[in-house]
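> The file below is target_6.cif, mmCIF, C-alpha atoms:
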data_protein
loop_
_atom_site.label_atom_id
_atom_site.label_comp_id
_atom_site.auth_asym_id
_atom_site.auth_seq_id
_atom_site.Cartn_x
_atom_site.Cartn_y
_atom_site.Cartn_z
CA MET A 13 41.27 9.11 -15.26
CA ASP A 14 39.72 12.48 -16.11
CA ARG A 15 39.03 15.06 -13.43
CA SER A 16 35.22 14.66 -13.54
CA LYS A 17 35.46 10.95 -12.74
CA HIS A 18 38.04 11.66 -10.05
CA ASN A 19 35.74 14.23 -8.45
CA ASP A 20 32.81 11.80 -8.66
CA ILE A 21 34.79 9.12 -6.83
CA VAL A 22 35.80 11.60 -4.16
CA ARG A 23 32.20 12.72 -3.75
CA ARG A 24 30.92 9.15 -3.48
CA ALA A 25 33.69 8.18 -1.07
CA SER A 26 32.88 11.14 1.15
CA ALA A 27 29.19 10.30 1.09
CA MET A 28 29.90 6.68 1.98
CA ALA A 29 32.12 7.74 4.85
CA ASP A 30 29.20 9.66 6.31
CA LYS A 31 27.03 6.54 6.11
CA ALA A 32 29.60 3.90 7.07
CA SER A 33 28.31 3.58 10.61
CA PHE A 34 24.95 2.37 9.24
CA VAL A 35 26.35 -0.54 7.22
CA ALA A 36 26.35 -2.85 10.23
CA ASP A 37 22.75 -1.83 10.99
CA ASP A 38 21.66 -2.76 7.46
CA PHE A 39 23.51 -6.06 7.65
CA ALA A 40 22.05 -6.86 11.06
CA GLN A 41 18.54 -6.16 9.80
CA ALA A 42 19.08 -8.55 6.89
CA LEU A 43 20.51 -11.24 9.18
CA PHE A 44 18.10 -10.85 12.08
CA PRO A 45 14.69 -9.68 10.83
CA LYS A 46 12.03 -9.16 13.48
CA THR A 47 9.34 -11.03 11.53
CA GLU A 48 9.16 -14.01 9.20
CA VAL A 49 7.64 -12.01 6.35
CA ILE A 50 9.62 -12.52 3.14
CA PHE A 51 10.20 -9.71 0.65
CA ASN A 52 11.20 -11.00 -2.76
CA ASP A 53 13.17 -9.10 -5.41
CA ARG A 54 10.02 -8.17 -7.34
CA MET A 55 8.52 -6.58 -4.24
CA ARG A 56 11.67 -4.57 -3.59
CA SER A 57 11.77 -3.40 -7.20
CA ASN A 58 8.08 -2.50 -7.18
CA ALA A 59 8.44 -0.62 -3.91
CA GLN A 60 11.23 1.54 -5.33
CA GLN A 61 9.27 2.13 -8.54
CA TYR A 62 6.11 3.10 -6.66
CA LEU A 63 7.97 5.36 -4.24
CA ARG A 64 9.72 7.22 -7.04
CA SER A 65 6.46 7.59 -8.98
CA VAL A 66 4.57 9.07 -6.01
CA VAL A 67 7.37 11.54 -5.25
CA GLU A 68 7.61 12.66 -8.87
CA GLN A 69 3.83 13.06 -9.24
CA ILE A 70 3.54 15.18 -6.10
CA GLU A 71 6.62 17.16 -7.08
CA LYS A 72 5.20 17.87 -10.53
CA ARG A 73 1.82 18.86 -9.12
CA ILE A 74 3.39 21.30 -6.65
CA CYS A 75 5.48 22.86 -9.42
CA THR A 76 2.43 23.10 -11.69
CA ILE A 77 0.54 25.00 -9.02
CA VAL A 78 3.43 27.28 -8.14
CA THR A 79 4.30 28.21 -11.74
CA GLY A 80 0.75 28.20 -13.08
CA ASP A 81 -1.68 29.25 -10.38
CA LEU A 82 0.77 31.33 -8.34
CA GLY A 83 2.67 32.82 -11.27
CA VAL A 84 6.23 32.02 -10.18
CA SER A 85 8.79 32.20 -12.99
CA HIS A 86 11.65 29.82 -12.24
CA ASP A 87 13.45 27.64 -14.78
CA LEU A 88 13.89 24.53 -12.63
CA LEU A 89 10.35 24.61 -11.23
CA LEU A 90 8.91 25.27 -14.67
CA GLY A 91 10.90 22.37 -16.11
CA ILE A 92 9.51 20.00 -13.49
CA ALA A 93 5.96 21.25 -14.11
CA GLN A 94 6.22 20.82 -17.87
CA ARG A 95 8.43 17.76 -18.26
CA GLY A 96 8.29 16.05 -14.89
CA ASN A 97 12.07 15.74 -14.67
CA GLY A 98 12.08 15.11 -10.93
CA GLN A 99 14.69 16.60 -8.66
CA SER A 100 13.68 15.49 -5.18
CA PHE A 101 13.75 11.71 -5.04
CA ALA A 102 17.50 11.15 -4.69
CA MET A 103 17.80 13.81 -2.01
CA LEU A 104 14.86 12.45 -0.02
CA GLU A 105 16.03 8.85 -0.39
CA GLN A 106 19.48 9.65 0.95
CA SER A 107 18.16 11.79 3.79
CA GLY A 108 15.93 9.05 5.20
CA LEU A 109 12.84 11.25 4.98
CA LEU A 110 11.01 8.55 3.03
CA LYS A 111 11.50 6.00 5.81
CA THR A 112 8.80 7.27 8.17
CA SER A 113 6.54 4.58 9.59
CA GLU A 114 3.49 6.01 7.77
CA ILE A 115 5.16 5.99 4.37
CA VAL A 116 6.78 2.57 4.81
CA ARG A 117 3.52 0.95 5.92
CA HIS A 118 1.69 2.43 2.96
CA LEU A 119 4.48 1.26 0.68
CA PHE A 120 4.34 -2.26 2.09
CA VAL A 121 0.57 -2.55 1.57
CA LYS A 122 0.72 -1.25 -2.00
CA THR A 123 3.62 -3.55 -2.82
CA GLN A 124 1.94 -6.61 -1.32
CA GLN A 125 -1.28 -5.83 -3.16
CA SER A 126 0.68 -5.71 -6.41
CA GLU A 127 2.25 -9.05 -5.49
CA LEU A 128 -1.20 -10.56 -4.93
CA ALA A 129 -2.36 -9.25 -8.30
CA ALA A 130 0.62 -10.92 -9.98
CA ARG A 131 -0.17 -14.20 -8.21
CA LEU A 132 -3.79 -14.09 -9.32
CA LEU A 133 -2.80 -13.60 -12.94
CA GLN A 134 -0.98 -16.93 -12.77
CA LYS A 135 -4.29 -18.61 -12.01
CA ILE A 136 -6.86 -16.59 -13.96
CA SER A 137 -6.65 -14.55 -17.16
CA GLN A 138 -6.74 -10.76 -17.19
CA GLU A 139 -9.92 -10.93 -19.26
CA ASP A 140 -11.67 -13.13 -16.70
CA LEU A 141 -10.51 -10.87 -13.87
CA GLU A 142 -11.93 -7.81 -15.61
CA SER A 143 -15.24 -9.60 -16.15
CA THR A 144 -15.64 -9.91 -12.37
CA LEU A 145 -16.42 -6.19 -12.35
CA THR A 146 -17.96 -5.66 -15.77
CA ARG A 147 -20.78 -8.07 -14.90
CA HIS A 148 -21.95 -5.55 -12.30
CA LEU A 149 -22.41 -2.90 -14.99
CA ASP A 150 -25.74 -4.55 -15.86
CA HIS A 151 -26.88 -4.80 -12.24
CA ALA A 152 -30.56 -4.14 -11.59
CA ASP A 153 -29.64 -1.45 -9.08
CA PRO A 154 -28.30 1.61 -10.98
CA ALA A 155 -26.25 2.62 -7.93
CA VAL A 156 -24.37 -0.69 -8.05
CA ALA A 157 -23.73 -0.32 -11.78
CA LYS A 158 -22.46 3.23 -11.27
CA ALA A 159 -20.17 2.14 -8.42
CA ALA A 160 -18.78 -0.71 -10.53
CA MET A 161 -17.99 1.71 -13.34
CA GLY A 162 -16.31 4.04 -10.86
CA LEU A 163 -14.11 1.22 -9.61
CA LEU A 164 -13.21 0.15 -13.14
CA VAL A 165 -12.16 3.70 -14.02
CA ALA A 166 -10.13 4.08 -10.82
CA GLN A 167 -8.38 0.76 -11.40
CA SER A 168 -7.50 1.69 -14.96
CA LYS A 169 -5.37 4.54 -13.60
CA THR A 170 -3.31 2.24 -11.40
CA THR A 171 -2.83 -0.70 -13.74
CA GLY A 172 0.77 -1.14 -14.87
CA ALA A 173 2.38 -3.92 -16.86
CA THR A 174 2.03 -7.43 -15.49
CA GLY A 175 3.95 -7.75 -12.25
CA GLU A 176 4.56 -4.01 -12.02
CA ILE A 177 3.01 -1.39 -9.77
CA ALA A 178 1.52 1.94 -10.74
CA ALA A 179 0.83 4.93 -8.52
CA SER A 180 -2.16 7.27 -8.38
CA LEU A 181 -2.27 10.18 -5.95
CA ALA A 182 -5.97 9.52 -5.36
CA ASP A 183 -4.97 6.28 -3.61
CA LEU A 184 -3.09 8.20 -0.92
CA SER A 185 -4.88 8.88 2.33
CA PRO A 186 -4.72 12.51 3.52
CA GLU A 187 -2.17 11.46 6.15
CA ILE A 188 0.10 9.79 3.60
CA ALA A 189 -0.24 12.69 1.16
CA TYR A 190 0.82 15.03 3.99
CA ALA A 191 3.75 12.77 4.91
CA PHE A 192 5.03 12.91 1.34
CA ALA A 193 4.21 16.50 0.39
CA TRP A 194 6.14 18.51 2.98
CA PRO A 195 9.50 16.72 2.64
CA ILE A 196 9.15 17.05 -1.15
CA THR A 197 8.49 20.77 -0.71
CA ALA A 198 11.58 21.15 1.46
CA ALA A 199 13.64 19.31 -1.15
CA LEU A 200 12.32 21.59 -3.89
CA VAL A 201 13.30 24.65 -1.88
CA ARG A 202 16.78 23.23 -1.43
CA ARG A 203 17.23 22.16 -5.06
CA SER A 204 15.79 25.30 -6.62
CA GLY A 205 17.17 27.89 -4.24
CA PHE A 206 13.74 29.53 -4.35
CA SER A 207 12.90 30.65 -0.84
CA GLY A 208 9.64 32.51 -1.46
CA PRO A 209 6.43 31.40 0.30
CA GLN A 210 4.80 30.20 -2.92
CA LEU A 211 6.14 26.63 -2.72
CA GLN A 212 4.58 26.16 0.69
CA GLN A 213 1.39 27.81 -0.52
CA ALA A 214 1.29 25.42 -3.48
CA THR A 215 1.65 22.45 -1.16
CA GLU A 216 -1.15 23.73 1.03
CA ARG A 217 -3.37 23.98 -2.05
CA LEU A 218 -2.44 20.48 -3.16
CA LEU A 219 -3.32 19.02 0.23
CA ALA A 220 -6.55 21.01 0.50
CA ALA A 221 -7.68 19.71 -2.90
CA HIS A 222 -6.65 16.10 -2.25
CA ASP A 223 -9.60 13.74 -2.66
CA GLU A 224 -9.07 10.11 -1.73
CA SER A 225 -12.69 9.29 -2.57
CA ALA A 226 -11.58 8.95 -6.20
CA GLY A 227 -9.08 6.23 -5.28
CA VAL A 228 -9.43 2.49 -5.84
CA ALA A 229 -9.86 1.57 -2.17
CA ARG A 230 -12.74 3.99 -1.58
CA LYS A 231 -14.45 3.00 -4.83
CA ALA A 232 -14.16 -0.67 -3.85
CA GLU A 233 -15.55 0.03 -0.38
CA ARG A 234 -18.53 1.79 -1.92
CA LEU A 235 -19.25 -1.08 -4.29
CA ALA A 236 -18.87 -3.63 -1.49
CA GLN A 237 -21.38 -1.71 0.61
CA LEU A 238 -23.93 -1.49 -2.20
CA LEU A 239 -23.57 -5.16 -3.11
CA ASP A 240 -24.20 -6.17 0.49
CA GLN A 241 -27.26 -3.94 0.63
CA SER A 242 -28.63 -5.23 -2.66
CA GLY A 243 -28.81 -8.82 -1.40
CA GLY A 244 -29.34 -11.75 -3.73
CA GLU A 245 -26.42 -13.73 -5.10
CA ASN A 246 -23.99 -10.97 -4.29
CA ILE A 247 -24.12 -11.98 -0.63
CA SER A 248 -22.04 -15.04 -1.51
CA VAL A 249 -18.67 -15.48 0.18
CA PRO A 250 -16.09 -12.98 -1.11
CA HIS A 251 -13.54 -14.60 -3.42
CA PRO A 252 -10.68 -12.98 -5.37
CA MET A 253 -11.42 -14.99 -8.51
CA ARG A 254 -15.12 -14.09 -8.46
CA ASP A 255 -14.84 -10.51 -7.22
CA GLY A 256 -11.42 -9.49 -8.42
CA LEU A 257 -8.70 -8.68 -5.89
CA THR A 258 -9.72 -5.16 -4.90
CA LEU A 259 -13.40 -5.90 -4.39
CA PHE A 260 -12.57 -9.14 -2.57
CA ILE A 261 -10.39 -7.24 -0.11
CA ALA A 262 -13.05 -4.57 0.40
CA ARG A 263 -15.82 -7.11 0.95
CA LEU A 264 -13.77 -9.17 3.39
CA ALA A 265 -12.73 -6.04 5.28
CA ARG A 266 -16.34 -4.91 5.51
CA GLN A 267 -17.51 -8.33 6.66
CA SER A 268 -14.79 -8.70 9.31
CA GLY A 269 -14.69 -5.13 10.61
CA LEU A 270 -11.01 -4.86 9.69
CA THR A 271 -9.40 -2.42 7.26
CA SER A 272 -8.44 -3.24 3.70
CA ASP A 273 -4.80 -2.58 4.62
CA GLN A 274 -4.99 -5.19 7.37
CA ILE A 275 -6.40 -7.81 5.01
CA VAL A 276 -3.59 -7.16 2.52
CA ALA A 277 -0.94 -7.30 5.24
CA PHE A 278 -2.29 -10.62 6.54
CA THR A 279 -1.66 -12.21 3.13
CA ALA A 280 2.07 -11.44 3.44
CA GLU A 281 2.46 -13.23 6.76
CA PRO A 282 3.71 -16.83 7.12
CA ASP A 283 1.05 -19.33 6.01
CA MET A 284 -1.40 -16.41 5.84
CA ALA A 285 -2.38 -17.49 9.35
CA ARG A 286 -4.30 -14.36 10.21
CA LEU A 287 -6.21 -14.45 6.93
CA VAL A 288 -7.25 -18.01 7.78
CA VAL A 289 -8.41 -16.83 11.20
CA VAL A 290 -10.47 -14.07 9.57
CA MET A 291 -12.14 -16.57 7.22
CA ARG A 292 -12.82 -19.01 10.06
CA ALA A 293 -14.28 -16.23 12.22
CA ALA A 294 -16.62 -15.34 9.35
CA ASP A 295 -17.55 -19.04 9.06
CA PHE A 296 -16.50 -19.39 5.43
CA PRO A 297 -17.30 -22.88 4.11
CA VAL A 298 -14.26 -25.16 4.03
CA GLN A 299 -13.98 -25.41 0.26
CA GLU A 300 -14.33 -21.64 -0.16
CA ALA A 301 -11.59 -21.00 2.40
CA LEU A 302 -9.26 -23.53 0.77
CA SER A 303 -9.91 -22.02 -2.66
CA ILE A 304 -9.21 -18.47 -1.46
CA PHE A 305 -6.01 -19.60 0.23
CA ALA A 306 -4.84 -21.35 -2.94
CA ALA A 307 -5.67 -18.32 -5.10
CA LEU A 308 -3.64 -15.92 -2.95
CA ASP A 309 -0.74 -18.17 -1.94
CA GLY A 310 2.56 -17.42 -3.62
CA GLY A 311 4.38 -20.62 -2.71
CA ASP A 312 3.79 -24.27 -2.00
CA HIS A 313 1.82 -23.79 1.21
CA ILE A 314 -1.33 -25.82 1.63
CA LEU A 315 -4.32 -25.24 3.88
CA THR A 316 -6.09 -28.52 4.55
CA GLY A 317 -9.74 -28.97 5.32
CA ALA A 318 -8.86 -30.67 8.59
CA THR A 319 -6.67 -27.78 9.76
CA TYR A 320 -9.29 -25.21 8.84
CA GLY A 321 -12.22 -27.14 10.30
CA GLU A 322 -10.45 -27.84 13.58
CA THR A 323 -9.55 -24.18 14.12
CA ASP A 324 -11.71 -22.93 16.98
CA ARG A 325 -14.16 -20.38 15.60
CA ASP A 326 -14.87 -18.68 18.93
CA ARG A 327 -11.18 -17.98 19.47
CA CYS A 328 -10.91 -16.70 15.91
CA GLN A 329 -13.81 -14.30 16.47
CA THR A 330 -12.17 -13.01 19.65
CA LEU A 331 -8.91 -12.40 17.80
CA VAL A 332 -10.57 -10.60 14.89
CA THR A 333 -12.49 -8.38 17.29
CA ARG A 334 -9.20 -7.49 18.98
CA TRP A 335 -7.49 -6.77 15.65
CA ALA A 336 -10.37 -4.48 14.67
CA SER A 337 -9.63 -2.24 17.66
CA PRO A 338 -7.74 1.03 17.04
CA GLU A 339 -4.05 0.35 16.53
CA ALA A 340 -3.05 2.71 19.34
CA PHE A 341 -5.24 0.70 21.71
CA GLN A 342 -3.74 -2.60 20.54
CA ASN A 343 -0.20 -1.29 21.00
CA ALA A 344 -0.99 0.01 24.47
CA GLU A 345 -2.68 -3.25 25.40
CA ARG A 346 0.40 -5.23 24.39
CA LEU A 347 2.69 -2.97 26.41
CA LEU A 348 0.46 -3.20 29.47
CA SER A 349 -0.06 -6.94 29.23
CA ASP A 350 1.39 -9.12 31.98
CA ASP A 351 2.58 -11.44 29.24
CA PHE A 352 4.68 -8.74 27.60
CA PRO A 353 8.41 -9.39 28.28
CA GLY A 354 9.09 -5.76 29.14
CA SER A 355 6.34 -5.49 31.75
CA PRO A 356 7.22 -4.81 35.39
CA GLY A 357 8.07 -7.98 37.21
CA LYS A 358 9.05 -9.84 34.05
#
Translate the structure of the given file into C-alpha cells.

Amino acid sequence: MDRSKHNDIVRRASAMADKASFVADDFAQALFPKTEVIFNDRMRSNAQQYLRSVVEQIEKRICTIVTGDLGVSHDLLLGIAQRGNGQSFAMLEQSGLLKTSEIVRHLFVKTQQSELAARLLQKISQEDLESTLTRHLDHADPAVAKAAMGLLVAQSKTTGATGEIAASLADLSPEIAYAFAWPITAALVRRSGFSGPQLQQATERLLAAHDESAGVARKAERLAQLLDQSGGENISVPHPMRDGLTLFIARLARQSGLTSDQIVAFTAEPDMARLVVVMRAADFPVQEALSIFAALDGGDHILTGATYGETDRDRCQTLVTRWASPEAFQNAERLLSDDFPGSPGK
C-alpha cells in the first residue's frame, strides 16, 4: 500500500473516531422515527443533490462578487467564481451546519415537491402539464397572461430531468438565504485562508440583492391571486392535473389560508390525512377530492367517497383555522395544553 493511501486511511479513521459516538444516534433515529412519514431513496438522493447545488450556487455568487465587484485577487476564490469548483459543501456537511431546522424544513418541502412532480408525470404527460399554464397566456386579462408567462419562465429555471430536482436561488426565502450564506462564507474563509473583510462584504451584498419575488412560489401566488380575481371558469376547484402542481398548491394555499409549504408537507404525511381535511374544509366536491388524492398519491392508498363524505366539515374547518395560525403560536398552544403529556399534573 502506498503512503498516500495509508495516510488517507489514517485520516478517515481519525475522522470516524471523532464521530463514533453519533453512530448509535443515527441508528436509533432510523429504528425509532418520531413520525410515520416515509422518505424513499429518490427523495434522499434529490435532497443531497439540491443541497449541494444551493451551496455551490451561493458560494460561486459570493466569490464572483468578491473577485469582481470588490477586486480581490485570490486564486482559489477566482477559480470558484469562474469555474464553480465548489470548496465548501464537504466541510459544511461534516460540521453539521447544514442541519439547522430552517434549512432542513426547506429541504424537505423542496424534495417532497419534486416527488409530487414525479408522481404527476406518471399520470399525465409533460406536454399536457405545460399546457395547464400556456392556456393562460391567451387570457382576456393581460395581467393574468403576464403572470402566467412569469411563472413559466421561473419554472423553466428549476426544471431538471424527470425525477430530479433543480435549485434556483430565487426560490429561497430571505431567511433561508441567510441561513445558507453565512456558514458558506465562514467555510470560504477557512478554505481560502483569506481573512480580509471582503468575503463578509460580498455576502452582505448578496443578501441585500436577494429577490424571492422572482421565484416559482411567488410567481404562482401572484397568478393564483389574479385568477381568483378574474372570476369565470378559473374559480373552479384547484386540481394538479388542470392547474399544474405549482399553481394547484398556490391556489389551495390561498383558498385555505395556509402556506404553500404546509400544503406540500401535508402530501407527505400518512394517507395525506391533513390534505383531505383541507379539501373537506373547503367543501370540495367528492369526485374532485378523490381525483386530487389519486393524482398526488404515491402508493396504493385509496380515499373513498364514503370516508370523505362522512368527515365532519365543521371539525375540518376548525382544524384548518388552527393550522393557519403562526407556527410559534401553535407550538406554544401545544405545550400549554392540558392534553400535552409534559404539562404540569400529567
> For the file shown, what are the residues hit by the PyMOL selection byres ((chain A and resi 73-78) around 10), laid out as a ChimeraX atom specification?
/A:67-72,79-86,88-94,96,193,196-197,200,209-219
> Could you list, as JSON, numbers by chain, every residue within 10 Å of Arg234 (chain A), counting only C-alpha atoms and ignoring same-chain residues fewer than 5 positions away?
{"A": [155, 156, 159, 160, 162, 163, 225, 228, 229, 239, 259, 262, 263]}
> Taking C-alpha atoms for each residue, export the selection above as an mmCIF file, in the coordinates of the input.

data_model
loop_
_atom_site.group_PDB
_atom_site.id
_atom_site.type_symbol
_atom_site.label_atom_id
_atom_site.label_comp_id
_atom_site.auth_asym_id
_atom_site.auth_seq_id
_atom_site.Cartn_x
_atom_site.Cartn_y
_atom_site.Cartn_z
ATOM 1 C CA ALA A 155 -26.250 2.620 -7.930
ATOM 2 C CA VAL A 156 -24.370 -0.690 -8.050
ATOM 3 C CA ALA A 159 -20.170 2.140 -8.420
ATOM 4 C CA ALA A 160 -18.780 -0.710 -10.530
ATOM 5 C CA GLY A 162 -16.310 4.040 -10.860
ATOM 6 C CA LEU A 163 -14.110 1.220 -9.610
ATOM 7 C CA SER A 225 -12.690 9.290 -2.570
ATOM 8 C CA VAL A 228 -9.430 2.490 -5.840
ATOM 9 C CA ALA A 229 -9.860 1.570 -2.170
ATOM 10 C CA LEU A 239 -23.570 -5.160 -3.110
ATOM 11 C CA LEU A 259 -13.400 -5.900 -4.390
ATOM 12 C CA ALA A 262 -13.050 -4.570 0.400
ATOM 13 C CA ARG A 263 -15.820 -7.110 0.950
#
> Using CA of Ala191 (chain A) and CA of Ile275 (chain A) as the two end points, give the distance in Å to one decimal.
22.9 Å
> Of the candidates A:Ala306, A:Thr271, A:Asn97, A:Gln299, which shows the shortest atom-to-atom distance to Met284 (chain A), using only C-alpha atoms?
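Nearest candidate to Met284 (chain A) out of A:Ala306, A:Thr271, A:Asn97, A:Gln299: A:Ala306.
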> If you measure from CA of Ala307 (chain A) to CA of Ser185 (chain A), what distance in Å do you get, rounded to one decimal?
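So the answer is 28.2 Å.
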> Could you give me, as a Markdown table, every region 61-180 of chain A residue with an atom at most 7 Å from region 241-257 of chain A, plus its closest atom pair and distance in Å to one decimal, counting all atoms listed in the file, rows ordered by chain then number?

| residue | atom | partner | partner_atom | distance |
| --- | --- | --- | --- | --- |
| A:Ala129 | CA | A:Leu257 | CA | 6.8 |
| A:Leu141 | CA | A:Gly256 | CA | 5.7 |
| A:Thr144 | CA | A:Asp255 | CA | 5.2 |
| A:Leu145 | CA | A:Asp255 | CA | 6.9 |
> Taking the file as I've supplied it (selection: the PyMOL selection byres ((chain A and resi 101-115) around 9)), which residues are included? Please answer as a ChimeraX atom specification.
/A:63-64,67-68,98-100,116-120,187-188,191-192,195-196,199,203
> Please produce a file of those selected residues containing C-alpha atoms, as an mmCIF file, in the coordinates of the input.

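File written: part15.cif
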data_model
loop_
_atom_site.group_PDB
_atom_site.id
_atom_site.type_symbol
_atom_site.label_atom_id
_atom_site.label_comp_id
_atom_site.auth_asym_id
_atom_site.auth_seq_id
_atom_site.Cartn_x
_atom_site.Cartn_y
_atom_site.Cartn_z
ATOM 1 C CA LEU A 63 7.970 5.360 -4.240
ATOM 2 C CA ARG A 64 9.720 7.220 -7.040
ATOM 3 C CA VAL A 67 7.370 11.540 -5.250
ATOM 4 C CA GLU A 68 7.610 12.660 -8.870
ATOM 5 C CA GLY A 98 12.080 15.110 -10.930
ATOM 6 C CA GLN A 99 14.690 16.600 -8.660
ATOM 7 C CA SER A 100 13.680 15.490 -5.180
ATOM 8 C CA VAL A 116 6.780 2.570 4.810
ATOM 9 C CA ARG A 117 3.520 0.950 5.920
ATOM 10 C CA HIS A 118 1.690 2.430 2.960
ATOM 11 C CA LEU A 119 4.480 1.260 0.680
ATOM 12 C CA PHE A 120 4.340 -2.260 2.090
ATOM 13 C CA GLU A 187 -2.170 11.460 6.150
ATOM 14 C CA ILE A 188 0.100 9.790 3.600
ATOM 15 C CA ALA A 191 3.750 12.770 4.910
ATOM 16 C CA PHE A 192 5.030 12.910 1.340
ATOM 17 C CA PRO A 195 9.500 16.720 2.640
ATOM 18 C CA ILE A 196 9.150 17.050 -1.150
ATOM 19 C CA ALA A 199 13.640 19.310 -1.150
ATOM 20 C CA ARG A 203 17.230 22.160 -5.060
#
> Can you spell out as a list in words the set of residues that the PyMOL selection byres ((chain A and resi 331) around 12) selects in the structure I just provided?
Ser268, Gly269, Leu270, Ala285, Arg286, Leu287, Val288, Val289, Val290, Met291, Arg292, Ala293, Ala294, Asp324, Arg325, Asp326, Arg327, Cys328, Gln329, Thr330, Val332, Thr333, Arg334, Trp335, Ala336, Ser337 and Gln342 of chain A
> Got time to write the residues from that selection, C-alpha atoms, as a PDB file, keeping the file's coordinate frame?

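Contents of selection-v9.pdb, as written:
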ATOM      1  CA  SER A 268     -14.790  -8.700   9.310  1.00  0.00           C
ATOM      2  CA  GLY A 269     -14.690  -5.130  10.610  1.00  0.00           C
ATOM      3  CA  LEU A 270     -11.010  -4.860   9.690  1.00  0.00           C
ATOM      4  CA  ALA A 285      -2.380 -17.490   9.350  1.00  0.00           C
ATOM      5  CA  ARG A 286      -4.300 -14.360  10.210  1.00  0.00           C
ATOM      6  CA  LEU A 287      -6.210 -14.450   6.930  1.00  0.00           C
ATOM      7  CA  VAL A 288      -7.250 -18.010   7.780  1.00  0.00           C
ATOM      8  CA  VAL A 289      -8.410 -16.830  11.200  1.00  0.00           C
ATOM      9  CA  VAL A 290     -10.470 -14.070   9.570  1.00  0.00           C
ATOM     10  CA  MET A 291     -12.140 -16.570   7.220  1.00  0.00           C
ATOM     11  CA  ARG A 292     -12.820 -19.010  10.060  1.00  0.00           C
ATOM     12  CA  ALA A 293     -14.280 -16.230  12.220  1.00  0.00           C
ATOM     13  CA  ALA A 294     -16.620 -15.340   9.350  1.00  0.00           C
ATOM     14  CA  ASP A 324     -11.710 -22.930  16.980  1.00  0.00           C
ATOM     15  CA  ARG A 325     -14.160 -20.380  15.600  1.00  0.00           C
ATOM     16  CA  ASP A 326     -14.870 -18.680  18.930  1.00  0.00           C
ATOM     17  CA  ARG A 327     -11.180 -17.980  19.470  1.00  0.00           C
ATOM     18  CA  CYS A 328     -10.910 -16.700  15.910  1.00  0.00           C
ATOM     19  CA  GLN A 329     -13.810 -14.300  16.470  1.00  0.00           C
ATOM     20  CA  THR A 330     -12.170 -13.010  19.650  1.00  0.00           C
ATOM     21  CA  VAL A 332     -10.570 -10.600  14.890  1.00  0.00           C
ATOM     22  CA  THR A 333     -12.490  -8.380  17.290  1.00  0.00           C
ATOM     23  CA  ARG A 334      -9.200  -7.490  18.980  1.00  0.00           C
ATOM     24  CA  TRP A 335      -7.490  -6.770  15.650  1.00  0.00           C
ATOM     25  CA  ALA A 336     -10.370  -4.480  14.670  1.00  0.00           C
ATOM     26  CA  SER A 337      -9.630  -2.240  17.660  1.00  0.00           C
ATOM     27  CA  GLN A 342      -3.740  -2.600  20.540  1.00  0.00           C
TER      28      GLN A 342
END
> Fewer than 4 positions away in the same chain doesn't count, so skip those; otherwise give me all residues within 12 Å of Arg56 (chain A), counting all atoms listed in the file, as a PyMOL selection string.
chain A and resi 50-52+60-63+119-120+122-124+126-127+176-177
> Hey, what's within 10 Å of region 167-171 of chain A if we count all atoms listed in the file and toss same-chain stuff fewer than 6 positions away? As number ranges by chain, please?
A: 126, 161, 177-183, 227-229, 231-232, 258
> Would you mind reading off the distance between CA of Leu235 (chain A) and CA of Gln267 (chain A), one decimal, in Å?
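Atom-to-atom, CA of Leu235 (chain A) and CA of Gln267 (chain A) are spaced 13.2 Å apart.
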> Taking (7.0, -12.7, 11.3) as a centre in this file's frame and 12 Å as the limit, can you find every polymer residue with an atom that close, using all atoms listed in the file, and give them as a ChimeraX atom specification?
/A:44-51,277-286
> Can I get the selected residues back with C-alpha atoms, as a CSV table (one decimal), keeping the file's coordinate frame?

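Done, and the output landed in out_15.csv:
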chain,number,residue,atom,x,y,z
A,44,PHE,CA,18.1,-10.8,12.1
A,45,PRO,CA,14.7,-9.7,10.8
A,46,LYS,CA,12.0,-9.2,13.5
A,47,THR,CA,9.3,-11.0,11.5
A,48,GLU,CA,9.2,-14.0,9.2
A,49,VAL,CA,7.6,-12.0,6.4
A,50,ILE,CA,9.6,-12.5,3.1
A,51,PHE,CA,10.2,-9.7,0.6
A,277,ALA,CA,-0.9,-7.3,5.2
A,278,PHE,CA,-2.3,-10.6,6.5
A,279,THR,CA,-1.7,-12.2,3.1
A,280,ALA,CA,2.1,-11.4,3.4
A,281,GLU,CA,2.5,-13.2,6.8
A,282,PRO,CA,3.7,-16.8,7.1
A,283,ASP,CA,1.0,-19.3,6.0
A,284,MET,CA,-1.4,-16.4,5.8
A,285,ALA,CA,-2.4,-17.5,9.4
A,286,ARG,CA,-4.3,-14.4,10.2
> Let me make sure I understand: among A:Val22, A:Ala220, A:Ala152, A:Ala265, which one has the smallest atom-to-atom distance to Ala236 (chain A) if we use all atoms listed in the file?
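The answer is A:Ala265, which sits nearest to Ala236 (chain A).
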> Ranking A:Phe206, A:Tyr320, A:Ser272, A:Phe39 by minimum distance to Phe305 (chain A) and counting only C-alpha atoms, which one comes first?
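Nearest to Phe305 (chain A): A:Tyr320.
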> Choose the residue, out of A:Ala226, A:His151, A:Leu184, A:Arg202, that has the smallest atom-to-atom separation from Val165 (chain A); count all atoms listed in the file.
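Result for the nearest residue to Val165 (chain A): A:Ala226.
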